[in-house]
file input.txt (compact mmCIF, C-alpha atoms and all ligand atoms)
# COMPACT_ATOMS: atom_id res chain seq x y z
CA MET V 1085 0.34 -215.70 89.70
CA ASN V 1086 4.08 -215.19 89.34
CA ARG V 1087 6.34 -217.67 91.06
CA ARG V 1088 8.44 -216.21 93.88
CA ILE V 1089 12.12 -217.03 93.36
CA GLY V 1090 14.40 -216.40 96.34
CA VAL V 1091 17.93 -215.49 95.29
CA ALA V 1092 21.29 -215.78 97.07
CA VAL V 1093 24.27 -213.92 95.59
CA LEU V 1094 27.69 -215.20 96.65
CA GLY V 1095 30.25 -212.40 96.23
CA LEU V 1096 29.13 -208.80 95.69
CA GLY V 1097 31.95 -207.58 93.43
CA TRP V 1098 31.69 -206.53 89.79
CA MET V 1099 29.46 -209.36 88.63
CA GLY V 1100 27.66 -209.86 91.94
CA GLU V 1101 26.54 -206.24 91.70
CA GLY V 1102 25.67 -206.66 88.02
CA HIS V 1103 23.40 -209.64 88.65
CA SER V 1104 21.84 -208.08 91.76
CA ARG V 1105 21.03 -204.90 89.83
CA SER V 1106 19.54 -207.04 87.07
CA MET V 1107 17.30 -208.77 89.56
CA LEU V 1108 16.05 -205.35 90.73
CA ARG V 1109 15.42 -204.22 87.14
CA ILE V 1110 13.71 -207.39 85.89
CA PRO V 1111 10.17 -206.48 87.09
CA SER V 1112 10.14 -203.16 85.25
CA LEU V 1113 11.92 -204.48 82.15
CA PHE V 1114 9.93 -207.70 81.74
CA PRO V 1115 6.31 -207.06 82.80
CA ASN V 1116 5.11 -210.33 81.24
CA ARG V 1117 7.46 -212.55 83.25
CA SER V 1118 6.32 -215.67 85.12
CA PHE V 1119 8.33 -215.04 88.29
CA ASP V 1120 9.24 -212.42 90.86
CA PRO V 1121 12.88 -212.42 91.97
CA VAL V 1122 13.52 -211.65 95.65
CA LEU V 1123 17.02 -210.70 96.81
CA VAL V 1124 17.11 -212.80 99.98
CA VAL V 1125 20.72 -213.04 101.05
CA CYS V 1126 24.13 -211.86 99.93
CA ALA V 1127 27.32 -213.53 101.14
CA ASP V 1128 30.60 -211.65 101.06
CA THR V 1129 33.69 -211.79 103.25
CA GLU V 1130 34.07 -207.98 103.10
CA GLU V 1131 31.95 -206.14 105.65
CA ALA V 1132 31.62 -203.04 103.46
CA ARG V 1133 30.13 -205.15 100.67
CA ARG V 1134 27.69 -206.82 103.03
CA GLU V 1135 26.54 -203.39 104.22
CA ARG V 1136 26.14 -202.24 100.63
CA ALA V 1137 24.12 -205.38 99.81
CA VAL V 1138 21.46 -204.49 102.37
CA ARG V 1139 21.60 -200.70 102.15
CA ASP V 1140 21.89 -200.18 98.38
CA PHE V 1141 20.47 -203.36 96.87
CA GLY V 1142 17.77 -204.18 99.39
CA PHE V 1143 18.92 -207.73 100.21
CA GLU V 1144 16.92 -208.99 103.18
CA ARG V 1145 20.19 -209.93 104.87
CA ALA V 1146 23.93 -210.30 104.28
CA VAL V 1147 26.25 -212.90 105.78
CA ALA V 1148 29.98 -213.60 105.78
CA ASP V 1149 29.61 -217.35 105.33
CA TRP V 1150 28.41 -218.40 101.89
CA ARG V 1151 27.40 -221.84 103.21
CA GLU V 1152 24.83 -220.16 105.46
CA ALA V 1153 23.42 -218.28 102.48
CA ILE V 1154 23.00 -221.45 100.40
CA ALA V 1155 21.37 -223.32 103.29
CA SER V 1156 18.67 -220.64 103.77
CA ASP V 1157 15.19 -222.15 103.35
CA ASP V 1158 13.90 -219.08 101.52
CA VAL V 1159 16.59 -219.35 98.80
CA ASP V 1160 15.66 -221.15 95.57
CA VAL V 1161 18.53 -220.10 93.28
CA VAL V 1162 22.18 -219.43 94.02
CA TRP V 1163 24.23 -216.96 91.98
CA VAL V 1164 27.94 -217.79 92.11
CA THR V 1165 29.84 -214.54 91.55
CA ALA V 1166 32.96 -215.05 93.67
CA PRO V 1167 36.53 -215.56 92.38
CA ASN V 1168 36.92 -218.66 90.18
CA MET V 1169 38.40 -221.11 92.65
CA LEU V 1170 35.39 -220.69 94.96
CA HIS V 1171 32.93 -221.70 92.24
CA LEU V 1172 33.22 -225.45 92.68
CA PRO V 1173 32.72 -225.69 96.48
CA MET V 1174 29.84 -223.21 96.20
CA ILE V 1175 28.23 -225.24 93.42
CA GLU V 1176 28.78 -228.46 95.34
CA ALA V 1177 26.91 -227.00 98.33
CA ALA V 1178 24.11 -225.65 96.11
CA CYS V 1179 23.70 -229.08 94.49
CA ALA V 1180 23.66 -230.79 97.88
CA ALA V 1181 20.89 -228.41 98.97
CA GLY V 1182 18.97 -229.05 95.72
CA LYS V 1183 19.11 -225.38 94.68
CA ALA V 1184 19.28 -224.21 91.07
CA VAL V 1185 22.58 -222.51 90.36
CA PHE V 1186 23.75 -219.82 87.99
CA SER V 1187 27.53 -219.55 87.96
CA GLU V 1188 29.67 -216.90 86.47
CA LYS V 1189 32.09 -218.21 83.86
CA PRO V 1190 34.40 -220.03 83.59
CA ILE V 1191 33.09 -222.27 86.45
CA GLY V 1192 36.19 -222.98 88.51
CA GLY V 1193 39.68 -222.15 87.39
CA LYS V 1194 40.62 -225.30 85.53
CA PRO V 1195 38.79 -227.52 83.05
CA GLU V 1196 38.39 -230.33 85.60
CA HIS V 1197 36.46 -227.99 87.92
CA THR V 1198 33.92 -227.18 85.22
CA VAL V 1199 33.48 -230.86 84.44
CA ALA V 1200 33.05 -231.71 88.15
CA ALA V 1201 30.46 -228.93 88.53
CA TYR V 1202 28.52 -230.20 85.53
CA GLU V 1203 28.56 -233.77 86.82
CA MET V 1204 27.48 -232.73 90.32
CA ALA V 1205 24.57 -230.68 89.00
CA LYS V 1206 23.53 -233.47 86.66
CA ALA V 1207 23.61 -236.04 89.48
CA ALA V 1208 21.66 -233.71 91.78
CA GLY V 1209 19.16 -232.86 89.04
CA VAL V 1210 19.45 -229.12 89.59
CA ARG V 1211 19.01 -226.54 86.84
CA THR V 1212 22.12 -224.62 85.77
CA GLY V 1213 23.17 -221.53 83.87
CA VAL V 1214 26.56 -219.96 83.11
CA GLY V 1215 27.36 -216.29 82.59
CA TYR V 1216 28.45 -216.17 78.96
CA ASN V 1217 26.65 -212.86 78.73
CA TYR V 1218 27.93 -211.82 75.29
CA LEU V 1219 25.82 -214.58 73.74
CA TRP V 1220 22.85 -212.43 74.74
CA ALA V 1221 23.93 -209.34 72.79
CA PRO V 1222 21.05 -208.68 70.36
CA LEU V 1223 23.38 -208.22 67.39
CA VAL V 1224 25.27 -211.42 68.26
CA MET V 1225 21.94 -213.24 68.22
CA HIS V 1226 21.19 -211.60 64.87
CA ALA V 1227 24.60 -212.73 63.55
CA ARG V 1228 23.78 -216.28 64.59
CA ASN V 1229 20.44 -216.11 62.78
CA LEU V 1230 22.10 -214.77 59.61
CA ILE V 1231 24.64 -217.61 59.67
CA ALA V 1232 22.02 -220.27 60.42
CA SER V 1233 19.82 -219.07 57.57
CA GLY V 1234 22.70 -219.46 55.10
CA GLU V 1235 23.13 -215.74 54.35
CA LEU V 1236 26.91 -216.08 54.62
CA GLY V 1237 27.07 -219.28 52.60
CA GLU V 1238 29.53 -221.86 53.89
CA ILE V 1239 31.66 -220.60 56.75
CA THR V 1240 35.32 -220.68 55.77
CA HIS V 1241 37.11 -218.89 58.61
CA TYR V 1242 36.48 -217.57 62.14
CA ARG V 1243 38.73 -215.04 63.84
CA GLY V 1244 38.06 -214.54 67.55
CA ARG V 1245 39.89 -212.33 70.01
CA PHE V 1246 39.48 -210.82 73.44
CA VAL V 1247 42.20 -208.27 73.97
CA SER V 1248 41.59 -206.32 77.15
CA MET V 1249 43.83 -203.75 78.79
CA TYR V 1250 42.83 -204.63 82.34
CA GLY V 1251 46.33 -205.92 83.12
CA SER V 1252 48.36 -203.71 80.79
CA ASP V 1253 49.54 -201.36 83.56
CA LYS V 1254 52.46 -203.03 85.32
CA LEU V 1255 51.37 -201.23 88.48
CA GLY V 1256 47.96 -202.90 88.21
CA LEU V 1257 47.43 -204.80 91.47
CA LEU V 1258 48.07 -208.51 91.90
CA THR V 1259 44.36 -209.28 92.31
CA TRP V 1260 42.90 -212.80 92.46
CA ARG V 1261 42.90 -213.09 88.65
CA PHE V 1262 46.71 -213.42 88.59
CA ILE V 1263 46.97 -216.09 91.31
CA LEU V 1264 46.78 -219.81 90.65
CA ASP V 1265 44.84 -220.92 93.70
CA GLN V 1266 42.27 -218.11 93.33
CA ALA V 1267 41.85 -217.87 89.55
CA GLY V 1268 43.24 -221.10 88.16
CA TYR V 1269 44.46 -220.41 84.63
CA GLY V 1270 44.86 -216.81 83.46
CA VAL V 1271 43.44 -215.39 80.24
CA THR V 1272 42.39 -218.77 78.92
CA SER V 1273 39.97 -219.16 81.83
CA ASP V 1274 39.09 -215.48 82.07
CA ILE V 1275 38.55 -214.34 78.51
CA LEU V 1276 39.40 -217.04 75.96
CA SER V 1277 36.39 -218.76 77.52
CA HIS V 1278 34.20 -215.89 76.26
CA SER V 1279 35.75 -216.05 72.77
CA VAL V 1280 35.34 -219.81 72.47
CA SER V 1281 31.77 -219.72 73.76
CA LEU V 1282 30.92 -217.10 71.12
CA ALA V 1283 32.50 -219.19 68.36
CA GLN V 1284 30.68 -222.35 69.43
CA TYR V 1285 27.39 -220.45 69.65
CA LEU V 1286 27.87 -218.84 66.25
CA ILE V 1287 29.39 -221.55 64.06
CA GLY V 1288 29.75 -224.77 66.09
CA ASP V 1289 32.31 -227.04 67.66
CA ILE V 1290 36.08 -226.96 67.45
CA THR V 1291 37.81 -230.26 66.69
CA ASP V 1292 41.55 -229.66 67.16
CA VAL V 1293 43.86 -226.87 68.27
CA VAL V 1294 47.45 -225.78 68.61
CA GLY V 1295 48.56 -222.74 70.56
CA MET V 1296 50.95 -220.82 72.74
CA ARG V 1297 50.96 -218.72 75.91
CA ASN V 1298 53.08 -216.07 77.55
CA THR V 1299 53.26 -214.11 80.79
CA THR V 1300 54.46 -210.64 79.93
CA ILE V 1301 54.28 -208.85 83.30
CA PRO V 1302 55.74 -211.36 85.78
CA GLN V 1303 55.33 -209.28 88.97
CA ARG V 1304 52.72 -206.87 90.29
CA PRO V 1305 52.20 -204.76 93.43
CA LEU V 1306 50.50 -206.64 96.25
CA PRO V 1307 47.11 -205.24 97.25
CA THR V 1308 46.46 -204.13 100.80
CA GLY V 1309 42.93 -205.17 101.73
CA ALA V 1310 40.09 -205.54 99.23
CA ALA V 1311 41.37 -204.82 95.73
CA SER V 1312 39.32 -203.87 92.72
CA HIS V 1313 39.87 -205.32 89.25
CA TYR V 1314 41.31 -202.02 88.01
CA GLY V 1315 43.16 -201.03 91.23
CA ARG V 1316 46.67 -199.54 90.92
CA GLY V 1317 49.64 -199.83 93.28
CA ARG V 1318 52.71 -197.61 93.67
CA PRO V 1319 56.21 -198.34 92.29
CA GLU V 1320 57.57 -198.74 95.84
CA ASP V 1321 54.91 -201.29 96.93
CA PRO V 1322 56.06 -204.86 97.63
CA LYS V 1323 55.43 -207.15 94.68
CA GLY V 1324 54.25 -210.70 94.15
CA ALA V 1325 54.53 -213.12 91.22
CA VAL V 1326 51.91 -213.45 88.49
CA GLU V 1327 51.17 -217.17 88.43
CA ASN V 1328 49.20 -217.67 85.22
CA GLU V 1329 49.21 -216.63 81.56
CA ASP V 1330 48.73 -213.04 80.32
CA PHE V 1331 48.49 -213.99 76.65
CA ALA V 1332 47.35 -217.00 74.65
CA SER V 1333 46.77 -217.69 70.99
CA MET V 1334 45.32 -220.65 69.19
CA LEU V 1335 44.86 -222.01 65.69
CA CYS V 1336 42.01 -224.45 65.26
CA ASN V 1337 39.72 -226.37 62.96
CA PHE V 1338 35.95 -226.39 63.29
CA GLU V 1339 33.71 -229.38 62.77
CA ASN V 1340 32.03 -227.61 59.82
CA GLY V 1341 35.37 -227.41 57.99
CA ALA V 1342 36.16 -223.78 58.80
CA THR V 1343 39.56 -222.76 60.12
CA GLY V 1344 39.93 -220.50 63.14
CA THR V 1345 42.40 -218.21 64.88
CA PHE V 1346 42.07 -216.86 68.41
CA GLU V 1347 44.10 -214.34 70.41
CA VAL V 1348 43.53 -213.22 73.98
CA SER V 1349 45.53 -210.89 76.18
CA ARG V 1350 45.15 -208.79 79.31
CA THR V 1351 48.43 -206.90 78.92
CA LEU V 1352 48.63 -205.58 75.32
CA VAL V 1353 48.42 -201.81 75.07
CA GLY V 1354 45.82 -200.36 72.73
CA PRO V 1355 42.66 -202.46 72.50
CA GLU V 1356 40.73 -201.66 75.67
CA SER V 1357 38.08 -204.37 75.64
CA GLN V 1358 38.19 -205.87 72.19
CA ASN V 1359 36.01 -208.93 72.53
CA ALA V 1360 35.54 -209.41 68.82
CA PHE V 1361 34.88 -211.81 66.00
CA GLU V 1362 35.18 -211.78 62.25
CA ILE V 1363 33.38 -214.53 60.39
CA TYR V 1364 33.98 -215.26 56.75
CA GLY V 1365 31.67 -217.25 54.48
CA THR V 1366 31.48 -217.99 50.77
CA LYS V 1367 28.70 -215.40 50.34
CA GLY V 1368 29.61 -212.74 52.90
CA ALA V 1369 31.24 -211.79 56.17
CA LEU V 1370 30.33 -210.43 59.60
CA ALA V 1371 32.35 -208.53 62.19
CA TRP V 1372 31.42 -207.51 65.75
CA ASN V 1373 33.41 -205.93 68.54
CA LEU V 1374 32.27 -205.32 72.12
CA GLU V 1375 33.85 -201.85 71.99
CA LYS V 1376 31.09 -201.03 69.49
CA MET V 1377 28.51 -203.45 70.84
CA ASN V 1378 25.60 -201.80 69.02
CA GLU V 1379 27.12 -202.21 65.57
CA LEU V 1380 27.41 -205.29 63.37
CA GLN V 1381 29.49 -205.07 60.19
CA TYR V 1382 28.05 -207.04 57.30
CA TYR V 1383 29.64 -207.70 53.92
CA ARG V 1384 27.43 -209.20 51.23
CA LEU V 1385 29.04 -210.65 48.15
CA THR V 1386 27.11 -209.18 45.20
CA ASP V 1387 27.90 -208.29 41.61
CA ASP V 1388 28.42 -204.74 42.82
CA ILE V 1389 31.75 -205.09 44.60
CA SER V 1390 31.79 -201.38 45.49
CA SER V 1391 29.37 -201.80 48.39
CA GLY V 1392 31.92 -203.09 50.95
CA TYR V 1393 30.96 -203.63 54.58
CA THR V 1394 27.77 -201.98 55.78
CA THR V 1395 26.95 -201.15 59.40
CA ILE V 1396 23.83 -202.59 60.98
CA TYR V 1397 22.94 -200.55 64.07
CA GLY V 1398 21.30 -202.14 67.07
CA GLY V 1399 17.59 -201.49 67.42
CA ASP V 1400 14.29 -202.90 68.57
CA ARG V 1401 14.06 -205.04 65.40
CA PHE V 1402 16.62 -207.37 67.06
CA PRO V 1403 15.98 -209.76 69.97
CA PHE V 1404 15.54 -208.09 73.39
CA HIS V 1405 16.87 -204.67 72.30
CA GLY V 1406 13.46 -203.03 72.58
CA VAL V 1407 13.23 -204.05 76.24
CA PHE V 1408 15.80 -201.33 76.92
CA SER V 1409 15.59 -198.82 74.06
CA PRO V 1410 12.89 -198.26 71.44
CA GLY V 1411 13.63 -197.52 67.79
CA GLN V 1412 16.92 -197.85 66.00
CA ALA V 1413 20.49 -196.91 66.97
CA ASN V 1414 19.60 -196.03 70.54
CA PRO V 1415 22.33 -198.12 72.17
CA ILE V 1416 22.07 -200.61 74.99
CA GLY V 1417 24.87 -201.45 77.47
CA LEU V 1418 26.87 -204.30 78.98
CA GLU V 1419 24.70 -204.77 82.06
CA ASP V 1420 21.65 -205.01 79.83
CA LEU V 1421 23.10 -208.31 78.58
CA VAL V 1422 23.28 -209.50 82.19
CA ALA V 1423 19.63 -208.53 82.67
CA ILE V 1424 18.68 -210.52 79.56
CA GLU V 1425 20.57 -213.63 80.72
CA ASP V 1426 19.18 -213.43 84.27
CA TYR V 1427 15.64 -212.93 83.01
CA SER V 1428 16.02 -215.82 80.53
CA PHE V 1429 17.40 -218.16 83.20
CA LEU V 1430 14.70 -217.36 85.75
CA GLU V 1431 11.93 -217.50 83.17
CA ALA V 1432 13.17 -220.97 82.13
CA LEU V 1433 13.10 -222.04 85.78
CA ALA V 1434 9.64 -220.66 86.38
CA THR V 1435 8.15 -222.23 83.26
CA ASP V 1436 10.19 -225.45 83.18
CA GLY V 1437 11.68 -224.28 79.90
CA THR V 1438 15.10 -225.06 78.50
CA PHE V 1439 18.06 -222.78 79.12
CA SER V 1440 21.38 -222.44 77.37
CA PRO V 1441 24.23 -221.77 78.07
CA SER V 1442 24.10 -224.24 80.96
CA PHE V 1443 26.96 -226.04 82.69
CA ARG V 1444 26.95 -228.41 79.70
CA GLU V 1445 27.92 -225.57 77.34
CA ALA V 1446 30.55 -224.47 79.88
CA VAL V 1447 32.08 -227.95 79.55
CA ASP V 1448 32.12 -227.55 75.76
CA VAL V 1449 34.28 -224.45 76.30
CA VAL V 1450 36.78 -226.10 78.66
CA ASN V 1451 37.09 -229.11 76.35
CA VAL V 1452 38.78 -226.68 73.95
CA GLN V 1453 40.78 -225.03 76.76
CA GLN V 1454 42.13 -228.43 77.84
CA ALA V 1455 43.25 -229.29 74.31
CA LEU V 1456 45.02 -225.92 74.13
CA ILE V 1457 46.73 -226.54 77.49
CA ASN V 1458 47.83 -229.95 76.21
CA SER V 1459 49.33 -228.31 73.15
CA TRP V 1460 51.39 -225.94 75.31
CA ASP V 1461 53.27 -228.99 76.57
CA SER V 1462 53.23 -231.18 73.49
CA LYS V 1463 53.92 -228.23 71.14
CA THR V 1464 51.73 -229.88 68.54
CA TRP V 1465 48.10 -230.16 67.42
CA GLU V 1466 45.76 -231.65 70.00
CA THR V 1467 42.31 -233.17 69.48
CA VAL V 1468 39.40 -231.71 71.43
CA THR V 1469 37.75 -234.49 73.41
CA ASP V 1470 34.73 -234.35 75.67
CA LEU V 1471 36.12 -234.41 79.20
CA THR V 1472 32.85 -235.80 80.55
CA GLY V 1473 33.21 -238.93 78.44
CA GLU V 1474 29.67 -238.31 77.15
CA ASN V 1475 29.21 -238.83 73.47
CA ARG V 1476 27.63 -235.63 72.16
CA GLY V 1477 28.24 -236.58 68.60
CA ASN V 1478 31.29 -234.34 68.44
N1 LIG V 1501 30.58 -212.60 82.49
C1 LIG V 1501 31.44 -211.62 82.54
O1 LIG V 1501 31.55 -210.83 81.61
C2 LIG V 1501 32.30 -211.45 83.75
C3 LIG V 1501 32.92 -210.22 84.04
C4 LIG V 1501 33.67 -210.11 85.21
C5 LIG V 1501 33.81 -211.22 86.05
N2 LIG V 1501 33.22 -212.40 85.71
C6 LIG V 1501 33.36 -213.57 86.59
O2 LIG V 1501 32.69 -213.27 87.82
C7 LIG V 1501 33.38 -213.85 88.92
C8 LIG V 1501 33.71 -212.74 89.90
O3 LIG V 1501 34.53 -211.79 89.26
P1 LIG V 1501 34.45 -210.24 89.68
O4 LIG V 1501 35.20 -209.46 88.67
O5 LIG V 1501 33.03 -209.88 89.96
O6 LIG V 1501 35.27 -210.30 91.02
P2 LIG V 1501 35.41 -209.19 92.15
O7 LIG V 1501 36.77 -209.34 92.69
O8 LIG V 1501 34.95 -207.85 91.65
O9 LIG V 1501 34.34 -209.67 93.23
C9 LIG V 1501 34.46 -210.87 93.94
C10 LIG V 1501 33.65 -210.72 95.22
O10 LIG V 1501 33.70 -211.97 95.92
C11 LIG V 1501 33.93 -211.69 97.28
N3 LIG V 1501 34.52 -212.87 97.93
C12 LIG V 1501 35.80 -213.28 97.93
N4 LIG V 1501 35.95 -214.38 98.67
C13 LIG V 1501 34.71 -214.68 99.14
C14 LIG V 1501 34.18 -215.71 99.98
N5 LIG V 1501 34.97 -216.66 100.49
N6 LIG V 1501 32.86 -215.71 100.26
C15 LIG V 1501 32.05 -214.75 99.77
N7 LIG V 1501 32.49 -213.75 98.97
C16 LIG V 1501 33.79 -213.72 98.66
C17 LIG V 1501 34.84 -210.49 97.28
O11 LIG V 1501 34.86 -209.81 98.53
C18 LIG V 1501 34.20 -209.65 96.16
O12 LIG V 1501 33.17 -208.84 96.65
C19 LIG V 1501 34.63 -214.51 88.33
O13 LIG V 1501 34.43 -215.89 88.23
C20 LIG V 1501 34.79 -213.90 86.94
O14 LIG V 1501 35.36 -214.78 86.01
C21 LIG V 1501 32.45 -212.53 84.61
call {"tool": "encode", "arguments": {"input": "input.txt", "output": "structure tokens"}}
result
Amino acid sequence: MNRRIGVAVLGLGWMGEGHSRSMLRIPSLFPNRSFDPVLVVCADTEEARRERAVRDFGFERAVADWREAIASDDVDVVWVTAPNMLHLPMIEAACAAGKAVFSEKPIGGKPEHTVAAYEMAKAAGVRTGVGYNYLWAPLVMHARNLIASGELGEITHYRGRFVSMYGSDKLGLLTWRFILDQAGYGVTSDILSHSVSLAQYLIGDITDVVGMRNTTIPQRPLPTGAASHYGRGRPEDPKGAVENEDFASMLCNFENGATGTFEVSRTLVGPESQNAFEIYGTKGALAWNLEKMNELQYYRLTDDISSGYTTIYGGDRFPFHGVFSPGQANPIGLEDLVAIEDYSFLEALATDGTFSPSFREAVDVVNVQQALINSWDSKTWETVTDLTGENRGN
């Protein structure tokens, strides 16, 4: 018999909705699962979102106080999908209640929050997962398999970038992402975290970094009431200061000897959601870009140099793709990756299996972020150290 898993979702915004929808889809997508997710309680400070939780998602109840949701006896797992700076207190309460916890990235707004969350969960012995959803893209998993099997030869260079236009409009509202005590750092927490997690997943750890940052739109219109990620103000609206970085770039070395370059921005005009990597090896190269999530570019070094890059289309020959679409080149979408990660986390819980990325892998990401932050001040290369003090052999 499947194990019943009671779920609390804390914050029903973009990702809270995404995970809740995943939970509703899991039974039909994964008939052979070992668990049945039950949407027990949603916590959100906005009344309209609480109403939507019950009416449109079928949560058994919705509350304003997230502590009440975590304390509910019928909740086994807590999904943390509120703005960054709420992650740590929510995780602390989940750990104290002995509940498993899946947190959206980056886990807090600063590296020390992620480390504290990891240490709390470890001390409490609760299972953890973190929402690095792009690691679950079937073609990203295929890229990892190609690299691991030596198809690319030795990896010589990694180029990662996440250039999103979500902040490129200077009338874009001053939402929580731009404010220090709600978001913590800016693009390095928000999207460099995705780029670094992809690089670590695909080719391994980063040893040292040097980088820069910039804030290109220093003021934005203040929202009135609940503001959406893509909300727009008017030129005459009162403005507030952007308190964290819009842009960051980083040079780095990897443990395997490869060099790396990273660029992230929320204000450049042009690339709309270019979460992308290019990986170069002695025998070939790979390139992937979220904007074309169902395509992987593959260059194979052969005697026939006329072949160039070829396009591998997504299809049911790659991990998980067939859960959503049969055959080849019938694309899957962003929320499908969330469904894969949620299913994988809950299946690991139900079967006592391992799960990655956990809070430990989230710490690996902020170890790099901290070295980058250090280099902003020192203006020189900084070594990546493990902020937990654990020796992971890196
Ligand atoms: N993995 C991804 O690709 C991805 C994408 C987007 C966001 N995220 C992460 O998800 C988290 C949420 O981001 P979002 O874009 O969904 O935000 P959002 O602004 O769309 O939603 C946040 C929700 O939290 C609610 N909230 C605020 N304060 C609260 C409180 N005290 N108690 C309960 N609820 C509260 C808000 O009312 C809102 O409904 C962030 O940590 C972000 O980094 C991850």
call {"tool": "atom_distance", "arguments": {"input": "input.txt", "atom1": "atom CA of Arg1318 of chain V", "atom2": "atom CA of Ile1301 of chain V"}}
result
15.4 Å
call {"tool": "residues_near_ligand", "arguments": {"input": "input.txt", "ligand": "ligand LIG 1501 (chain V)", "cutoff": "8 Å", "atoms": "all atoms listed in the file", "output": "number ranges by chain"}}
result
V: 1094-1101, 1127-1130, 1133, 1148-1150, 1164-1171, 1187-1192, 1215-1218, 1259-1260, 1267, 1273-1274, 1278, 1310-1313, 1422
call {"tool": "axis_aligned_box", "arguments": {"input": "input.txt", "around": "segment 1203-1206 of chain V", "padding_each_side": "8 Å", "output": "JSON"}}
result
{"center_x": 26.0, "center_y": -232.2, "center_z": 88.5, "size_x": 21.0, "size_y": 19.1, "size_z": 19.7}
call {"tool": "closest_residue", "arguments": {"input": "input.txt", "among": "V:Ala1155, V:Ile1389, V:Ile1287, V:Ala1432", "to": "Arg1243 of chain V", "atoms": "all atoms listed in the file"}}
result
V:Ile1287
call {"tool": "closest_residue", "arguments": {"input": "input.txt", "among": "V:Glu1431, V:Asp1448, V:Glu1347, V:Glu1329", "to": "Trp1460 of chain V", "atoms": "all atoms listed in the file"}}
result
V:Glu1329
call {"tool": "closest_residue", "arguments": {"input": "input.txt", "among": "V:Arg1088, V:Arg1297, V:Arg1145, V:Arg1304", "to": "Pro1121 of chain V", "atoms": "only C-alpha atoms"}}
result
V:Arg1088
call {"tool": "residues_around", "arguments": {"input": "input.txt", "residues": "Pro1322 of chain V", "least_positions_apart": "3", "cutoff": "12 Å", "atoms": "all atoms listed in the file", "output": "MDAnalysis selection string"}}
result
chainID V and resid 1255 1257:1258 1303:1308 1317:1319 1325
call {"tool": "residues_around", "arguments": {"input": "input.txt", "residues": "Leu1282 of chain V", "least_positions_apart": "5", "cutoff": "12 Å", "atoms": "only C-alpha atoms", "output": "number ranges by chain"}}
result
V: 1216-1221, 1224-1225, 1227-1228, 1242-1246, 1275-1277, 1287-1290, 1346, 1359-1363, 1372-1374, 1441, 1445-1446, 1448-1449
call {"tool": "residues_around", "arguments": {"input": "input.txt", "residues": "Leu1113 of chain V", "least_positions_apart": "6", "cutoff": "9 Å", "atoms": "all atoms listed in the file", "output": "list in words"}}
result
Val1407, Phe1408 and Ala1423 of chain V
call {"tool": "residues_near_point", "arguments": {"input": "input.txt", "point": "(12.8, -215.2, 102.4)", "cutoff": "12 Å", "atoms": "only C-alpha atoms", "output": "list in words"}}
result
Arg1088, Ile1089, Gly1090, Val1091, Ala1092, Pro1121, Val1122, Leu1123, Val1124, Val1125, Phe1143, Glu1144, Arg1145, Ala1153, Ala1155, Ser1156, Asp1157, Asp1158, Val1159, Asp1160 and Val1161 of chain V
call {"tool": "residues_near_point", "arguments": {"input": "input.txt", "point": "(26.2, -219.6, 53.7)", "cutoff": "10 Å", "atoms": "all atoms listed in the file", "output": "list in words"}}
result
Leu1230, Ile1231, Ala1232, Ser1233, Gly1234, Glu1235, Leu1236, Gly1237, Glu1238, Ile1239, Thr1240, Tyr1364, Gly1365, Thr1366, Lys1367, Gly1368 and Ala1369 of chain V
call {"tool": "closest_atom_pairs", "arguments": {"input": "input.txt", "of": "segment 1417-1476 of chain V", "to": "segment 1375-1385 of chain V", "cutoff": "12 Å", "atoms": "only C-alpha atoms", "output": "Markdown table"}}
result
| residue | atom | partner | partner_atom | distance |
| --- | --- | --- | --- | --- |
| V:Gly1417 | CA | V:Met1377 | CA | 7.8 |
| V:Leu1418 | CA | V:Met1377 | CA | 8.3 |
| V:Glu1419 | CA | V:Met1377 | CA | 11.9 |
| V:Asp1420 | CA | V:Met1377 | CA | 11.4 |
| V:Leu1421 | CA | V:Met1377 | CA | 10.6 |
call {"tool": "atom_distance", "arguments": {"input": "input.txt", "atom1": "atom CA of Val1093 of chain V", "atom2": "atom CA of Cys1126 of chain V"}}
result
4.8 Å
call {"tool": "atom_distance", "arguments": {"input": "input.txt", "atom1": "atom CA of Met1204 of chain V", "atom2": "atom CA of Ile1175 of chain V"}}
result
8.1 Å
call {"tool": "closest_residue", "arguments": {"input": "input.txt", "among": "V:Met1334, V:Leu1433, V:Ala1283, V:Val1450", "to": "Val1185 of chain V", "atoms": "only C-alpha atoms"}}
result
V:Leu1433
call {"tool": "closest_residue", "arguments": {"input": "input.txt", "among": "V:His1405, V:Arg1350, V:Arg1444, V:Arg1134", "to": "Gly1270 of chain V", "atoms": "only C-alpha atoms"}}
result
V:Arg1350
call {"tool": "closest_residue", "arguments": {"input": "input.txt", "among": "V:Met1296, V:Val1271, V:Ala1207, V:Leu1264", "to": "Asp1461 of chain V", "atoms": "only C-alpha atoms"}}
result
V:Met1296
